[in-house]
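Novice: Sharing entry.pdb, PDB, C-alpha atoms:
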ATOM      1  CA  MET Z  74       7.553  -5.462  -2.325  1.00  0.00           C
ATOM      2  CA  PRO Z  75       7.184  -2.290  -0.215  1.00  0.00           C
ATOM      3  CA  ALA Z  76       7.063   0.167  -3.136  1.00  0.00           C
ATOM      4  CA  ARG Z  77       5.604  -0.008  -6.647  1.00  0.00           C
ATOM      5  CA  ILE Z  78       5.678   2.649  -9.361  1.00  0.00           C
ATOM      6  CA  GLN Z  79       3.264   1.738 -12.135  1.00  0.00           C
ATOM      7  CA  GLN Z  80       1.142   3.070 -14.952  1.00  0.00           C
ATOM      8  CA  ALA Z  81      -1.626   0.510 -14.456  1.00  0.00           C
ATOM      9  CA  ALA Z  82      -4.658   1.133 -12.272  1.00  0.00           C
ATOM     10  CA  PHE Z  83      -4.824  -0.712  -8.960  1.00  0.00           C
ATOM     11  CA  ASP Z  84      -7.637  -1.847  -6.674  1.00  0.00           C
ATOM     12  CA  ALA Z  85      -7.032  -0.089  -3.348  1.00  0.00           C
ATOM     13  CA  GLY Z  86      -9.369  -2.452  -1.487  1.00  0.00           C
ATOM     14  CA  ALA Z  87      -7.702  -5.577  -2.825  1.00  0.00           C
ATOM     15  CA  GLU Z  88      -4.262  -4.111  -2.089  1.00  0.00           C
ATOM     16  CA  ALA Z  89      -5.299  -3.277   1.490  1.00  0.00           C
ATOM     17  CA  ASN Z  90      -6.619  -6.810   2.022  1.00  0.00           C
ATOM     18  CA  ALA Z  91      -3.481  -8.399   0.604  1.00  0.00           C
ATOM     19  CA  PHE Z  92      -1.358  -6.133   2.804  1.00  0.00           C
ATOM     20  CA  ALA Z  93      -3.332  -7.097   5.920  1.00  0.00           C
ATOM     21  CA  ALA Z  94      -3.154 -10.802   5.073  1.00  0.00           C
ATOM     22  CA  GLY Z  95       0.637 -10.851   5.004  1.00  0.00           C
ATOM     23  CA  LEU Z  96       1.294  -9.269   8.385  1.00  0.00           C
ATOM     24  CA  ALA Z  97       2.710 -10.658  11.589  1.00  0.00           C
ATOM     25  CA  GLY Z  98       2.855  -8.777  14.881  1.00  0.00           C
ATOM     26  CA  ALA Z  99       0.858  -5.715  13.822  1.00  0.00           C
ATOM     27  CA  GLY Z 100      -2.002  -4.367  15.917  1.00  0.00           C
ATOM     28  CA  ALA Z 101      -2.874  -1.468  13.626  1.00  0.00           C
ATOM     29  CA  ILE Z 102      -3.057  -0.809   9.892  1.00  0.00           C
ATOM     30  CA  VAL Z 103      -3.553   2.630   8.348  1.00  0.00           C
ATOM     31  CA  THR Z 104      -4.253   3.008   4.632  1.00  0.00           C
ATOM     32  CA  PHE Z 105      -4.491   6.207   2.601  1.00  0.00           C
ATOM     33  CA  THR Z 106      -5.595   6.431  -1.033  1.00  0.00           C
ATOM     34  CA  GLY Z 107      -5.172   9.588  -3.135  1.00  0.00           C
ATOM     35  CA  ILE Z 108      -7.846  10.180  -5.792  1.00  0.00           C
ATOM     36  CA  VAL Z 109      -7.862  12.538  -8.821  1.00  0.00           C
ATOM     37  CA  ARG Z 110     -10.266  15.406  -7.924  1.00  0.00           C
ATOM     38  CA  GLY Z 111     -12.435  16.967 -10.601  1.00  0.00           C
ATOM     39  CA  ASP Z 112     -11.897  20.570  -9.423  1.00  0.00           C
ATOM     40  CA  GLY Z 113     -12.444  23.349 -11.966  1.00  0.00           C
ATOM     41  CA  GLY Z 114     -13.642  21.031 -14.698  1.00  0.00           C
ATOM     42  CA  LEU Z 115     -10.429  18.996 -14.607  1.00  0.00           C
ATOM     43  CA  LEU Z 116     -10.535  16.191 -17.161  1.00  0.00           C
ATOM     44  CA  ALA Z 117      -7.394  14.259 -16.351  1.00  0.00           C
ATOM     45  CA  LEU Z 118      -3.985  14.356 -14.713  1.00  0.00           C
ATOM     46  CA  GLU Z 119      -0.781  13.508 -16.520  1.00  0.00           C
ATOM     47  CA  ILE Z 120       1.891  12.352 -14.086  1.00  0.00           C
ATOM     48  CA  GLU Z 121       5.504  12.379 -15.219  1.00  0.00           C
ATOM     49  CA  HIS Z 122       8.291  10.778 -13.198  1.00  0.00           C
ATOM     50  CA  TYR Z 123      12.032  10.092 -13.265  1.00  0.00           C
ATOM     51  CA  PRO Z 124      12.207   6.350 -13.907  1.00  0.00           C
ATOM     52  CA  GLY Z 125      15.786   5.817 -12.761  1.00  0.00           C
ATOM     53  CA  MET Z 126      15.292   7.636  -9.484  1.00  0.00           C
ATOM     54  CA  THR Z 127      11.677   7.239  -8.409  1.00  0.00           C
ATOM     55  CA  LEU Z 128      11.617   3.716  -7.016  1.00  0.00           C
ATOM     56  CA  ARG Z 129      14.858   4.104  -5.086  1.00  0.00           C
ATOM     57  CA  ALA Z 130      13.690   7.419  -3.618  1.00  0.00           C
ATOM     58  CA  VAL Z 131      10.346   5.977  -2.533  1.00  0.00           C
ATOM     59  CA  GLU Z 132      12.010   2.879  -1.075  1.00  0.00           C
ATOM     60  CA  ALA Z 133      14.310   5.147   0.922  1.00  0.00           C
ATOM     61  CA  PHE Z 134      11.261   6.945   2.393  1.00  0.00           C
ATOM     62  CA  VAL Z 135       9.691   3.587   3.277  1.00  0.00           C
ATOM     63  CA  ASP Z 136      12.920   2.473   4.971  1.00  0.00           C
ATOM     64  CA  ALA Z 137      13.090   5.732   6.940  1.00  0.00           C
ATOM     65  CA  ALA Z 138       9.442   5.429   8.028  1.00  0.00           C
ATOM     66  CA  THR Z 139       9.890   1.772   8.996  1.00  0.00           C
ATOM     67  CA  LEU Z 140      12.845   2.563  11.211  1.00  0.00           C
ATOM     68  CA  ARG Z 141      11.421   5.708  12.758  1.00  0.00           C
ATOM     69  CA  PHE Z 142       7.933   4.397  13.535  1.00  0.00           C
ATOM     70  CA  SER Z 143       8.827   0.747  14.241  1.00  0.00           C
ATOM     71  CA  LEU Z 144       6.623  -0.463  11.399  1.00  0.00           C
ATOM     72  CA  THR Z 145       6.111  -4.161  10.895  1.00  0.00           C
ATOM     73  CA  ASP Z 146       5.362  -3.506   7.219  1.00  0.00           C
ATOM     74  CA  ALA Z 147       4.648  -0.711   4.744  1.00  0.00           C
ATOM     75  CA  LEU Z 148       3.427  -0.382   1.170  1.00  0.00           C
ATOM     76  CA  VAL Z 149       3.506   2.523  -1.286  1.00  0.00           C
ATOM     77  CA  ILE Z 150       1.934   2.359  -4.750  1.00  0.00           C
ATOM     78  CA  HIS Z 151       2.246   5.450  -6.982  1.00  0.00           C
ATOM     79  CA  ARG Z 152       1.008   5.706 -10.546  1.00  0.00           C
ATOM     80  CA  HIS Z 153       2.276   7.700 -13.505  1.00  0.00           C
ATOM     81  CA  GLY Z 154       0.841   8.433 -16.923  1.00  0.00           C
ATOM     82  CA  ARG Z 155      -2.637   9.746 -17.713  1.00  0.00           C
ATOM     83  CA  LEU Z 156      -5.266   9.399 -14.972  1.00  0.00           C
ATOM     84  CA  ALA Z 157      -8.957  10.288 -15.250  1.00  0.00           C
ATOM     85  CA  VAL Z 158     -10.970  12.036 -12.535  1.00  0.00           C
ATOM     86  CA  GLY Z 159     -11.952   9.569  -9.812  1.00  0.00           C
ATOM     87  CA  GLU Z 160      -9.024   7.213 -10.385  1.00  0.00           C
ATOM     88  CA  ALA Z 161      -6.654   6.345  -7.551  1.00  0.00           C
ATOM     89  CA  ILE Z 162      -3.267   8.042  -7.969  1.00  0.00           C
ATOM     90  CA  MET Z 163      -1.462   6.409  -5.100  1.00  0.00           C
ATOM     91  CA  MET Z 164      -1.839   4.605  -1.832  1.00  0.00           C
ATOM     92  CA  VAL Z 165       0.116   4.177   1.360  1.00  0.00           C
ATOM     93  CA  ALA Z 166      -0.390   1.395   3.872  1.00  0.00           C
ATOM     94  CA  THR Z 167       1.434   1.160   7.182  1.00  0.00           C
ATOM     95  CA  ALA Z 168       1.309  -1.518   9.860  1.00  0.00           C
ATOM     96  CA  ALA Z 169       2.623  -1.159  13.403  1.00  0.00           C
ATOM     97  CA  PRO Z 170       2.025  -2.699  16.817  1.00  0.00           C
ATOM     98  CA  HIS Z 171       0.011   0.423  17.830  1.00  0.00           C
ATOM     99  CA  ARG Z 172      -2.134   2.899  15.891  1.00  0.00           C
ATOM    100  CA  GLY Z 173      -0.167   6.052  16.766  1.00  0.00           C
ATOM    101  CA  ASP Z 174       2.873   4.876  14.863  1.00  0.00           C
ATOM    102  CA  ALA Z 175       0.795   3.593  11.931  1.00  0.00           C
ATOM    103  CA  PHE Z 176      -0.976   6.975  11.539  1.00  0.00           C
ATOM    104  CA  ALA Z 177       2.219   8.994  11.968  1.00  0.00           C
ATOM    105  CA  ALA Z 178       4.114   6.836   9.475  1.00  0.00           C
ATOM    106  CA  ALA Z 179       1.381   7.218   6.844  1.00  0.00           C
ATOM    107  CA  ASP Z 180       1.443  11.000   7.341  1.00  0.00           C
ATOM    108  CA  PHE Z 181       5.254  11.045   7.177  1.00  0.00           C
ATOM    109  CA  LEU Z 182       5.256   9.020   3.945  1.00  0.00           C
ATOM    110  CA  MET Z 183       2.639  11.283   2.350  1.00  0.00           C
ATOM    111  CA  ASP Z 184       4.625  14.427   3.179  1.00  0.00           C
ATOM    112  CA  TRP Z 185       7.804  12.976   1.701  1.00  0.00           C
ATOM    113  CA  LEU Z 186       6.041  11.619  -1.388  1.00  0.00           C
ATOM    114  CA  LYS Z 187       4.466  15.020  -2.072  1.00  0.00           C
ATOM    115  CA  SER Z 188       7.667  17.046  -1.969  1.00  0.00           C
ATOM    116  CA  ARG Z 189      10.639  14.732  -2.448  1.00  0.00           C
ATOM    117  CA  ALA Z 190       9.599  11.921  -4.785  1.00  0.00           C
ATOM    118  CA  PRO Z 191      10.334  12.808  -8.439  1.00  0.00           C
ATOM    119  CA  PHE Z 192       6.769  13.073  -9.742  1.00  0.00           C
ATOM    120  CA  TRP Z 193       5.243  16.050 -11.550  1.00  0.00           C
ATOM    121  CA  LYS Z 194       1.530  16.531 -12.120  1.00  0.00           C
ATOM    122  CA  LYS Z 195       0.031  18.272 -15.120  1.00  0.00           C
ATOM    123  CA  GLU Z 196      -3.644  19.204 -15.047  1.00  0.00           C
ATOM    124  CA  ILE Z 197      -5.584  18.724 -18.269  1.00  0.00           C
ATOM    125  CA  GLY Z 198      -8.727  20.855 -18.271  1.00  0.00           C
ATOM    126  CA  PRO Z 199     -11.269  22.241 -20.711  1.00  0.00           C
ATOM    127  CA  SER Z 200      -9.132  25.298 -21.478  1.00  0.00           C
ATOM    128  CA  GLY Z 201      -5.755  23.613 -21.756  1.00  0.00           C
ATOM    129  CA  GLU Z 202      -2.945  22.104 -19.743  1.00  0.00           C
ATOM    130  CA  ALA Z 203      -0.930  23.415 -16.804  1.00  0.00           C
ATOM    131  CA  TRP Z 204       1.778  22.001 -14.555  1.00  0.00           C
ATOM    132  CA  VAL Z 205       0.740  21.884 -10.917  1.00  0.00           C
ATOM    133  CA  ALA Z 206       2.884  24.260  -8.847  1.00  0.00           C
ATOM    134  CA  ALA Z 207       4.396  22.954  -5.623  1.00  0.00           C
ATOM    135  CA  ARG Z 208       2.752  24.495  -2.574  1.00  0.00           C
ATOM    136  CA  ASP Z 209       4.743  26.126   0.222  1.00  0.00           C
ATOM    137  CA  SER Z 210       2.492  24.319   2.711  1.00  0.00           C
ATOM    138  CA  ASP Z 211       3.682  20.958   1.338  1.00  0.00           C
ATOM    139  CA  GLU Z 212       7.298  22.018   1.730  1.00  0.00           C
ATOM    140  CA  ASP Z 213       6.598  23.363   5.242  1.00  0.00           C
ATOM    141  CA  ALA Z 214       5.005  20.040   6.182  1.00  0.00           C
ATOM    142  CA  LEU Z 215       8.407  18.360   5.912  1.00  0.00           C
ATOM    143  CA  THR Z 216       9.773  20.487   8.751  1.00  0.00           C
ATOM    144  CA  ARG Z 217       7.404  18.631  11.113  1.00  0.00           C
ATOM    145  CA  TRP Z 218       9.596  15.567  10.805  1.00  0.00           C
TER
ATOM    146  CA  MET A 298      30.498  13.307 -20.916  1.00  0.00           C
ATOM    147  CA  ILE A 299      27.444  13.857 -18.721  1.00  0.00           C
ATOM    148  CA  ASP A 300      23.880  12.774 -19.487  1.00  0.00           C
ATOM    149  CA  VAL A 301      21.624  15.742 -18.762  1.00  0.00           C
ATOM    150  CA  LEU A 302      17.928  14.980 -18.224  1.00  0.00           C
ATOM    151  CA  TYR A 303      14.976  17.361 -18.147  1.00  0.00           C
ATOM    152  CA  PHE A 304      11.514  16.823 -16.693  1.00  0.00           C
ATOM    153  CA  ALA A 305       8.121  18.569 -16.704  1.00  0.00           C
ATOM    154  CA  TRP A 306       8.209  22.212 -17.898  1.00  0.00           C
ATOM    155  CA  LEU A 307      11.990  22.211 -18.202  1.00  0.00           C
ATOM    156  CA  ARG A 308      11.680  19.371 -20.711  1.00  0.00           C
ATOM    157  CA  GLU A 309       8.988  21.286 -22.588  1.00  0.00           C
ATOM    158  CA  ARG A 310      10.891  24.596 -22.682  1.00  0.00           C
ATOM    159  CA  ILE A 311      14.120  22.956 -23.787  1.00  0.00           C
ATOM    160  CA  GLY A 312      12.393  20.531 -26.145  1.00  0.00           C
ATOM    161  CA  LEU A 313      14.528  17.570 -25.069  1.00  0.00           C
ATOM    162  CA  ARG A 314      14.208  14.714 -22.580  1.00  0.00           C
ATOM    163  CA  ARG A 315      17.962  14.231 -22.412  1.00  0.00           C
ATOM    164  CA  GLU A 316      21.198  15.257 -24.048  1.00  0.00           C
ATOM    165  CA  SER A 317      24.816  14.205 -23.694  1.00  0.00           C
ATOM    166  CA  VAL A 318      27.033  17.117 -22.825  1.00  0.00           C
ATOM    167  CA  GLU A 319      30.818  17.322 -23.159  1.00  0.00           C
ATOM    168  CA  THR A 320      31.780  19.573 -20.276  1.00  0.00           C
ATOM    169  CA  GLN A 321      34.547  20.523 -17.890  1.00  0.00           C
ATOM    170  CA  ALA A 322      32.084  22.206 -15.516  1.00  0.00           C
ATOM    171  CA  ALA A 323      33.202  21.812 -11.896  1.00  0.00           C
ATOM    172  CA  THR A 324      29.774  22.231 -10.318  1.00  0.00           C
ATOM    173  CA  VAL A 325      26.094  22.029 -11.230  1.00  0.00           C
ATOM    174  CA  ALA A 326      25.970  25.832 -11.295  1.00  0.00           C
ATOM    175  CA  ASP A 327      28.833  25.912 -13.818  1.00  0.00           C
ATOM    176  CA  LEU A 328      27.007  23.335 -15.941  1.00  0.00           C
ATOM    177  CA  VAL A 329      23.832  25.445 -15.851  1.00  0.00           C
ATOM    178  CA  ALA A 330      25.815  28.462 -17.065  1.00  0.00           C
ATOM    179  CA  GLU A 331      27.101  26.385 -20.013  1.00  0.00           C
ATOM    180  CA  LEU A 332      23.678  24.934 -20.813  1.00  0.00           C
ATOM    181  CA  ARG A 333      22.106  28.408 -20.917  1.00  0.00           C
ATOM    182  CA  THR A 334      24.285  29.284 -23.904  1.00  0.00           C
ATOM    183  CA  ARG A 335      22.841  26.356 -25.912  1.00  0.00           C
ATOM    184  CA  GLY A 336      19.787  28.262 -27.032  1.00  0.00           C
ATOM    185  CA  GLU A 337      16.761  30.322 -26.184  1.00  0.00           C
ATOM    186  CA  GLY A 338      14.837  27.376 -24.702  1.00  0.00           C
ATOM    187  CA  HIS A 339      17.701  26.445 -22.413  1.00  0.00           C
ATOM    188  CA  ASP A 340      18.185  30.053 -21.353  1.00  0.00           C
ATOM    189  CA  LEU A 341      14.480  30.444 -20.579  1.00  0.00           C
ATOM    190  CA  ALA A 342      14.305  27.146 -18.664  1.00  0.00           C
ATOM    191  CA  PHE A 343      17.108  28.222 -16.334  1.00  0.00           C
ATOM    192  CA  ALA A 344      16.077  31.869 -16.007  1.00  0.00           C
ATOM    193  CA  ASP A 345      14.748  31.402 -12.460  1.00  0.00           C
ATOM    194  CA  LEU A 346      16.854  28.871 -10.587  1.00  0.00           C
ATOM    195  CA  ALA A 347      14.666  29.235  -7.484  1.00  0.00           C
ATOM    196  CA  ALA A 348      12.093  27.247  -9.475  1.00  0.00           C
ATOM    197  CA  VAL A 349      14.531  24.508 -10.492  1.00  0.00           C
ATOM    198  CA  ARG A 350      15.654  21.446  -8.544  1.00  0.00           C
ATOM    199  CA  VAL A 351      18.560  19.191  -9.438  1.00  0.00           C
ATOM    200  CA  ALA A 352      19.523  15.548  -8.940  1.00  0.00           C
ATOM    201  CA  VAL A 353      23.100  14.357  -9.398  1.00  0.00           C
ATOM    202  CA  ASP A 354      23.393  10.652 -10.224  1.00  0.00           C
ATOM    203  CA  GLN A 355      19.741  10.294  -9.163  1.00  0.00           C
ATOM    204  CA  GLU A 356      20.129  11.888  -5.727  1.00  0.00           C
ATOM    205  CA  LEU A 357      18.754  15.330  -4.896  1.00  0.00           C
ATOM    206  CA  ALA A 358      21.610  17.819  -4.783  1.00  0.00           C
ATOM    207  CA  ALA A 359      22.429  21.508  -4.496  1.00  0.00           C
ATOM    208  CA  PHE A 360      23.632  23.808  -7.282  1.00  0.00           C
ATOM    209  CA  ASP A 361      27.109  23.922  -5.740  1.00  0.00           C
ATOM    210  CA  ALA A 362      27.420  20.117  -5.931  1.00  0.00           C
ATOM    211  CA  PRO A 363      30.664  19.006  -7.624  1.00  0.00           C
ATOM    212  CA  LEU A 364      30.460  17.137 -10.943  1.00  0.00           C
ATOM    213  CA  ARG A 365      33.701  15.164 -10.783  1.00  0.00           C
ATOM    214  CA  GLY A 366      32.977  11.560 -11.799  1.00  0.00           C
ATOM    215  CA  VAL A 367      29.258  12.272 -12.231  1.00  0.00           C
ATOM    216  CA  ARG A 368      27.400  10.504 -15.053  1.00  0.00           C
ATOM    217  CA  GLU A 369      23.879  11.923 -14.868  1.00  0.00           C
ATOM    218  CA  VAL A 370      22.421  15.304 -13.907  1.00  0.00           C
ATOM    219  CA  ALA A 371      18.667  15.916 -13.970  1.00  0.00           C
ATOM    220  CA  PHE A 372      16.841  19.240 -13.811  1.00  0.00           C
ATOM    221  CA  PHE A 373      13.177  19.590 -12.873  1.00  0.00           C
ATOM    222  CA  PRO A 374      10.675  21.793 -11.062  1.00  0.00           C
ATOM    223  CA  PRO A 375       9.763  21.246  -7.385  1.00  0.00           C
ATOM    224  CA  MET A 376       8.149  17.837  -7.122  1.00  0.00           C
ATOM    225  CA  THR A 377       4.378  17.392  -6.917  1.00  0.00           C
ATOM    226  CA  GLY A 378       3.767  13.758  -6.081  1.00  0.00           C
ATOM    227  CA  GLY A 379       1.227  12.213  -3.760  1.00  0.00           C
TER
END
Now, as a test, write the supplied structure out as structure tokens.
Specialist:
Amino acid sequence: MPARIQQAAFDAGAEANAFAAGLAGAGAIVTFTGIVRGDGGLLALEIEHYPGMTLRAVEAFVDAATLRFSLTDALVIHRHGRLAVGEAIMMVATAAPHRGDAFAAADFLMDWLKSRAPFWKKEIGPSGEAWVAARDSDEDALTRW
Amino acid sequence: MIDVLYFAWLRERIGLRRESVETQAATVADLVAELRTRGEGHDLAFADLAAVRVAVDQELAAFDAPLRGVREVAFFPPMTGG
């Protein structure tokens, strides 16, 4: 399954190994794991998503990346719900015959996940809660593709 | 009848996750104009449309998107995944 949206924690190392074990014809694998940072005394992140839309949207990004970068395989895992500092939020793995395509595809998927997948992050800190504002730089990053 | 969904701070300002709306609105923008009359929370949530994104039947859309035959419209802030 190329995309999973889940509340449960995942083991990025085990996922990367399982991904690598199932490949044929790839010469390069790139994996990226996003972790909850503890900036400014942050205690936790609450990630909301749009259940009906999220998986289909993420699968569409994976399909686009696979076609564009000639991937042999790809995996996206993205969590929702309450996540503590240090927990993995999401991971992307891409496999291609050559490393250039694997790196580019991982970057492409990250840019699309940041700005076009229906997730919203709320920061829970010592002085209260606040929704994370989208950054112009994340939106600008999409114009690269 | 259209199912209208709200996420993140739009959900909080309006105080609802979803509501069914009987409407003849031709476009998303027309629907927004109708929703704003539903109360103070709705009006506040849609006060700055530059900060609001919309999906029509679970696909990202523009405010001039037509609503004919549409079953679900969702409103939310710019996405912050990853």
Novice: Going by the chain IDs and residue numbers used in this file, which residues fall under the PyMOL selection byres ((chain Z and resi 131) around 8)? Write them as a VMD selection string.
Specialist: chain Z and resid 76 127 to 130 132 to 135 149 186 190
Novice: Write the selection just made, keeping C-alpha atoms, as a tab-separated table (two decimals), in the coordinates of the input?
Specialist:
chain	number	residue	atom	x	y	z
Z	76	ALA	CA	7.06	0.17	-3.14
Z	127	THR	CA	11.68	7.24	-8.41
Z	128	LEU	CA	11.62	3.72	-7.02
Z	129	ARG	CA	14.86	4.10	-5.09
Z	130	ALA	CA	13.69	7.42	-3.62
Z	132	GLU	CA	12.01	2.88	-1.08
Z	133	ALA	CA	14.31	5.15	0.92
Z	134	PHE	CA	11.26	6.94	2.39
Z	135	VAL	CA	9.69	3.59	3.28
Z	149	VAL	CA	3.51	2.52	-1.29
Z	186	LEU	CA	6.04	11.62	-1.39
Z	190	ALA	CA	9.60	11.92	-4.78
Novice: Taking the point (23.0, 14.1, -6.2) as given in the file, collect each protein or nucleic acid residue that comes within 12 Å of it, counting all atoms listed in the file, and present the set as an MDAnalysis selection string.
Specialist: (chainID Z and resid 126 130) or (chainID A and resid 324:325 350:372)
Novice: Separation of atom CA of His151 of chain Z and atom CA of Thr139 of chain Z, in Å?
Specialist: 18.1 Å
Novice: I'd like a table as JSON lines: residues in chain Z with an atom no more than 10 Å from chain A, each row giving the shortest atom pair and its distance in Å to one decimal, only C-alpha atoms counted, sorted by chain and rising residue number.
Specialist:
{"residue": "Z:Thr106", "atom": "CA", "partner": "A:Gly379", "partner_atom": "CA", "distance": 9.3}
{"residue": "Z:Gly107", "atom": "CA", "partner": "A:Gly379", "partner_atom": "CA", "distance": 6.9}
{"residue": "Z:Ile108", "atom": "CA", "partner": "A:Gly379", "partner_atom": "CA", "distance": 9.5}
{"residue": "Z:Ile120", "atom": "CA", "partner": "A:Gly378", "partner_atom": "CA", "distance": 8.3}
{"residue": "Z:Glu121", "atom": "CA", "partner": "A:Ala305", "partner_atom": "CA", "distance": 6.9}
{"residue": "Z:His122", "atom": "CA", "partner": "A:Phe304", "partner_atom": "CA", "distance": 7.7}
{"residue": "Z:Tyr123", "atom": "CA", "partner": "A:Phe304", "partner_atom": "CA", "distance": 7.6}
{"residue": "Z:Pro124", "atom": "CA", "partner": "A:Gln355", "partner_atom": "CA", "distance": 9.7}
{"residue": "Z:Gly125", "atom": "CA", "partner": "A:Gln355", "partner_atom": "CA", "distance": 7.0}
{"residue": "Z:Met126", "atom": "CA", "partner": "A:Gln355", "partner_atom": "CA", "distance": 5.2}
{"residue": "Z:Thr127", "atom": "CA", "partner": "A:Gln355", "partner_atom": "CA", "distance": 8.7}
{"residue": "Z:Arg129", "atom": "CA", "partner": "A:Gln355", "partner_atom": "CA", "distance": 8.9}
{"residue": "Z:Ala130", "atom": "CA", "partner": "A:Glu356", "partner_atom": "CA", "distance": 8.1}
{"residue": "Z:Ile150", "atom": "CA", "partner": "A:Gly379", "partner_atom": "CA", "distance": 9.9}
{"residue": "Z:His151", "atom": "CA", "partner": "A:Gly379", "partner_atom": "CA", "distance": 7.6}
{"residue": "Z:Arg152", "atom": "CA", "partner": "A:Gly379", "partner_atom": "CA", "distance": 9.4}
{"residue": "Z:His153", "atom": "CA", "partner": "A:Gly378", "partner_atom": "CA", "distance": 9.7}
{"residue": "Z:Ile162", "atom": "CA", "partner": "A:Gly379", "partner_atom": "CA", "distance": 7.4}
{"residue": "Z:Met163", "atom": "CA", "partner": "A:Gly379", "partner_atom": "CA", "distance": 6.5}
{"residue": "Z:Met164", "atom": "CA", "partner": "A:Gly379", "partner_atom": "CA", "distance": 8.4}
{"residue": "Z:Val165", "atom": "CA", "partner": "A:Gly379", "partner_atom": "CA", "distance": 9.6}
{"residue": "Z:Leu182", "atom": "CA", "partner": "A:Gly379", "partner_atom": "CA", "distance": 9.3}
{"residue": "Z:Met183", "atom": "CA", "partner": "A:Gly379", "partner_atom": "CA", "distance": 6.3}
{"residue": "Z:Asp184", "atom": "CA", "partner": "A:Gly379", "partner_atom": "CA", "distance": 8.0}
{"residue": "Z:Trp185", "atom": "CA", "partner": "A:Gly379", "partner_atom": "CA", "distance": 8.6}
{"residue": "Z:Leu186", "atom": "CA", "partner": "A:Gly379", "partner_atom": "CA", "distance": 5.4}
{"residue": "Z:Lys187", "atom": "CA", "partner": "A:Gly378", "partner_atom": "CA", "distance": 4.3}
{"residue": "Z:Ser188", "atom": "CA", "partner": "A:Met376", "partner_atom": "CA", "distance": 5.2}
{"residue": "Z:Arg189", "atom": "CA", "partner": "A:Met376", "partner_atom": "CA", "distance": 6.1}
{"residue": "Z:Ala190", "atom": "CA", "partner": "A:Gly378", "partner_atom": "CA", "distance": 6.3}
{"residue": "Z:Pro191", "atom": "CA", "partner": "A:Met376", "partner_atom": "CA", "distance": 5.6}
{"residue": "Z:Phe192", "atom": "CA", "partner": "A:Gly378", "partner_atom": "CA", "distance": 4.8}
{"residue": "Z:Trp193", "atom": "CA", "partner": "A:Thr377", "partner_atom": "CA", "distance": 4.9}
{"residue": "Z:Lys194", "atom": "CA", "partner": "A:Thr377", "partner_atom": "CA", "distance": 6.0}
{"residue": "Z:Lys195", "atom": "CA", "partner": "A:Ala305", "partner_atom": "CA", "distance": 8.2}
{"residue": "Z:Ala203", "atom": "CA", "partner": "A:Trp306", "partner_atom": "CA", "distance": 9.3}
{"residue": "Z:Trp204", "atom": "CA", "partner": "A:Trp306", "partner_atom": "CA", "distance": 7.3}
{"residue": "Z:Val205", "atom": "CA", "partner": "A:Thr377", "partner_atom": "CA", "distance": 7.0}
{"residue": "Z:Ala206", "atom": "CA", "partner": "A:Thr377", "partner_atom": "CA", "distance": 7.3}
{"residue": "Z:Ala207", "atom": "CA", "partner": "A:Thr377", "partner_atom": "CA", "distance": 5.7}
{"residue": "Z:Arg208", "atom": "CA", "partner": "A:Thr377", "partner_atom": "CA", "distance": 8.5}
{"residue": "Z:Asp211", "atom": "CA", "partner": "A:Thr377", "partner_atom": "CA", "distance": 9.0}
{"residue": "Z:Glu212", "atom": "CA", "partner": "A:Pro375", "partner_atom": "CA", "distance": 9.5}
Novice: Would you save the residues of that selection, restricted to C-alpha atoms, as a short mmCIF file (atom, residue, chain, number, x, y, z; two decimals), in the frame of the given file?
Specialist:
data_model
loop_
_atom_site.label_atom_id
_atom_site.label_comp_id
_atom_site.auth_asym_id
_atom_site.auth_seq_id
_atom_site.Cartn_x
_atom_site.Cartn_y
_atom_site.Cartn_z
CA THR Z 106 -5.60 6.43 -1.03
CA GLY Z 107 -5.17 9.59 -3.14
CA ILE Z 108 -7.85 10.18 -5.79
CA ILE Z 120 1.89 12.35 -14.09
CA GLU Z 121 5.50 12.38 -15.22
CA HIS Z 122 8.29 10.78 -13.20
CA TYR Z 123 12.03 10.09 -13.26
CA PRO Z 124 12.21 6.35 -13.91
CA GLY Z 125 15.79 5.82 -12.76
CA MET Z 126 15.29 7.64 -9.48
CA THR Z 127 11.68 7.24 -8.41
CA ARG Z 129 14.86 4.10 -5.09
CA ALA Z 130 13.69 7.42 -3.62
CA ILE Z 150 1.93 2.36 -4.75
CA HIS Z 151 2.25 5.45 -6.98
CA ARG Z 152 1.01 5.71 -10.55
CA HIS Z 153 2.28 7.70 -13.50
CA ILE Z 162 -3.27 8.04 -7.97
CA MET Z 163 -1.46 6.41 -5.10
CA MET Z 164 -1.84 4.61 -1.83
CA VAL Z 165 0.12 4.18 1.36
CA LEU Z 182 5.26 9.02 3.94
CA MET Z 183 2.64 11.28 2.35
CA ASP Z 184 4.62 14.43 3.18
CA TRP Z 185 7.80 12.98 1.70
CA LEU Z 186 6.04 11.62 -1.39
CA LYS Z 187 4.47 15.02 -2.07
CA SER Z 188 7.67 17.05 -1.97
CA ARG Z 189 10.64 14.73 -2.45
CA ALA Z 190 9.60 11.92 -4.78
CA PRO Z 191 10.33 12.81 -8.44
CA PHE Z 192 6.77 13.07 -9.74
CA TRP Z 193 5.24 16.05 -11.55
CA LYS Z 194 1.53 16.53 -12.12
CA LYS Z 195 0.03 18.27 -15.12
CA ALA Z 203 -0.93 23.42 -16.80
CA TRP Z 204 1.78 22.00 -14.56
CA VAL Z 205 0.74 21.88 -10.92
CA ALA Z 206 2.88 24.26 -8.85
CA ALA Z 207 4.40 22.95 -5.62
CA ARG Z 208 2.75 24.50 -2.57
CA ASP Z 211 3.68 20.96 1.34
CA GLU Z 212 7.30 22.02 1.73
#
Novice: For the atom pair atom CA of Leu307 of chain A and atom CA of Val109 of chain Z, what is the interatomic distance in Å to one decimal place?
Specialist: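 About the pair atom CA of Leu307 of chain A and atom CA of Val109 of chain Z: they are 24.0 Å apart.
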Novice: What separation in Å, quoted to one decimal, exists between atom CA of Ala99 of chain Z and atom CA of His171 of chain Z?
Specialist: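 Separating atom CA of Ala99 of chain Z from atom CA of His171 of chain Z is a distance of 7.4 Å.
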